[in-house]
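S.K.: Please read through the structure below; I'll follow up with questions.
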Amino acid sequence: MKKFSSLIFTIGFFILGQTFAQDVTLNGIDTPDDKGGSIDLSWAISNPALEKSIKGIAVLRSEGSGTFSEIKTLGDYERTYADNGEIKNNTPYYYQLSFKDEAGVVFFTTEPAGPFMSAPQWFNSKKIANLIFAIVSIAIILIFIRLARKGKDLYIRHLAGVDAIEDAVGRATEMGKPCVYSPGIDPIESIATLASISILSKISQTVAEYDSRMIIPNFDPVVYSVIDEVVRDAYIKTGRPDAYKSDDVYFLTNGQFAYASGISGLMARETPAANFFLGFFMAESLILAEAGSMTGAIQIAGTDSISQIPFFIVACDYTLIGEELYAAGALMGDDPRLKGGIKGQDYVKLVAMIVLVVLFTLKLFGVAGIDKILVGG
Amino acid sequence: MFLKKTVPFLITLFMGIMSFTFYYVPHQMVQDVWDKSVEWSMIIAGGAMAVGAISMIRTYIHKSFNRTNPNRYYSMLTLISLTAMTVIGLFGGGIEPGSLFDTIFTSVLSPLESTMFSLLAFYISSAAFRSFRLKSFSAGLLLAAALLVMIAQIPLGEVISPWIPKAKDWLLNYPNVAAQRAIMIGIAIGGVSTALKIILGIDKSVFSGSGK
């Protein structure tokens, strides 16, 4: 009985099918701002009776004048579909939609729509505001680097954490105890890790000059390889290559909590006088900082991991917050160009603040399109 | 000097420009180059893991044979564990679920890592105790905010006053988010500046080998 009613229903729709042709509009466009190989389809159904009868939608595609084949079955509520399956660029495609009833039987198929073609884009237009800001930022930073190179005196405020680094190494030397340095758990491509290596190169020189000792357990093998070279280079620069101990710079493990456990054990056994946790950290940050705090060592931490900053602040003596980590290496050295970069960075922040205030004010006054500038798209 | 300083700088410059281009250019040609470079970095990382393992073995062998080191037994234990897991993984039936390697991993290593993670609960308590000491006006603000948020998290907060959960939401959604976003903007701009200095070779501290 159910099959019979379904058949009647289908025949009815088949007879009425021709009238539905005017009720469905199928459009397709090349997916914007993509690498190609994708067509965005959208359709509108203007007949409420037809809309109510649809229980499933099949998308059919043909390449050029070839035969149509079903590529996707969608729910009755879907009105868009991004076809990115085996689409060739600059090739015409035609599409049809088949509407199905409760029994899954097709009762109406639209006329072929097309041709639609896909093409790759050379620029992502959604990122235009981002690109403009990046260019302005780079220009400002380069201008200040140039000014600094020419000898212009640029004021940069001191960071207590940076000033404390030399004192911490001095304290360790006086106490005859080692320092422990952790560059974090991010790989070499992370900005935090690069900033940490920059700081480490300066601290290593101080350690070499003071004839102190610094133990550097590493989480990432690539970071270990770079740090090994950087520390060795710092000892060469200070004229004490023989004082470098390769056993003090080593790869510990790349298991997050195994790393935390390894350093905690190291700090408990060696009772260092100074601990440096500079880089990107996650949940192990508090384990390291608290274990280090229990040994009575002076602790200097710095991270750009926002969720870990509070833990370092409460458990360490000095904390470099966010961008201060990036600036520390430059502040410890005497290269004016690096300090010029920091000054430029400060002015970029000023520009960002002004732009944000202006955009939010415009948005408050109901100016359209501000969201697009702020978040893209 | 050329191989240790100039070549790494040129590679960094090229990859820096490529990364910048990749971000703005969605074209397949650029994406293919990027995908290829990601594959290469994975191969390099695989090779570097061998370098890391050699470093670890060398360090622990030195520590194990240092008779003046009272902690040398830990180093020996590490070497024995490393050797045992390697031998079991290679010759003891593979690393598939149910194998001896997998059993040791799930019954020894995973619980040990979970134990380390659980230590966080105790460390958070001790860190909270230290940070909540009323030493200054800002420490007082921190204490007041923390007490408010903690009381609002439990049913007692709602019982005392319906305003307490609302005040907590306001604290978390406005001052807290504003501060976090300010730090994030600073980090993003600092990242641009740091990357630029490294890509252009202004900060050469990561390119070792200059000597004196």
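Letters A, B, ... go to the chains of the structure tokens in the order shown; residues in each chain start at 1; ligands are counted from 1 in the same order.
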Pick out the chain B residues within 8 Å of chain A. Count only C-alpha atoms. Give them as an NGL selection string.
M.R.: :B and (24-28 or 31 or 45 or 48-49 or 51-53 or 55-56 or 58-59 or 62 or 71 or 113 or 116-117 or 119-120 or 123-124 or 127-128 or 130-131 or 180 or 183-187 or 189-197 or 202-203 or 205-212)
S.K.: DSSP on the backbone: what in stretch 263-332 of chain A comes out strand (DSSP E), as a list of chain:residue names?
M.R.: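 Filtering stretch 263-332 of chain A to strand (DSSP E) leaves A:Ala274, A:Asn275, A:Phe276, A:Phe277, A:Leu278, A:Gly279, A:Phe280, A:Ile298, A:Gln299, A:Ile300, A:Ala301, A:Gly302, A:Thr303, A:Tyr318, A:Thr319, A:Leu320, A:Ile321.
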S.K.: If you measure from atom CA of B:Ser126 to atom CA of B:Ala179, what distance in Å do you get, rounded to one decimal?
M.R.: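 That distance, rounded to one decimal, is 24.6 Å.
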S.K.: Give me, please, the distance in Å between atom CA of B:Leu13 and atom CA of B:Ser37, quoted to one decimal.
M.R.: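 A separation of 14.1 Å between them.
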S.K.: If you count only C-alpha atoms, which residues fall within 8 Å of B:Ile199, apart from same-chain ones fewer than 5 positions away, as a PyMOL selection string?
M.R.: chain B and resi 9+12-13+16
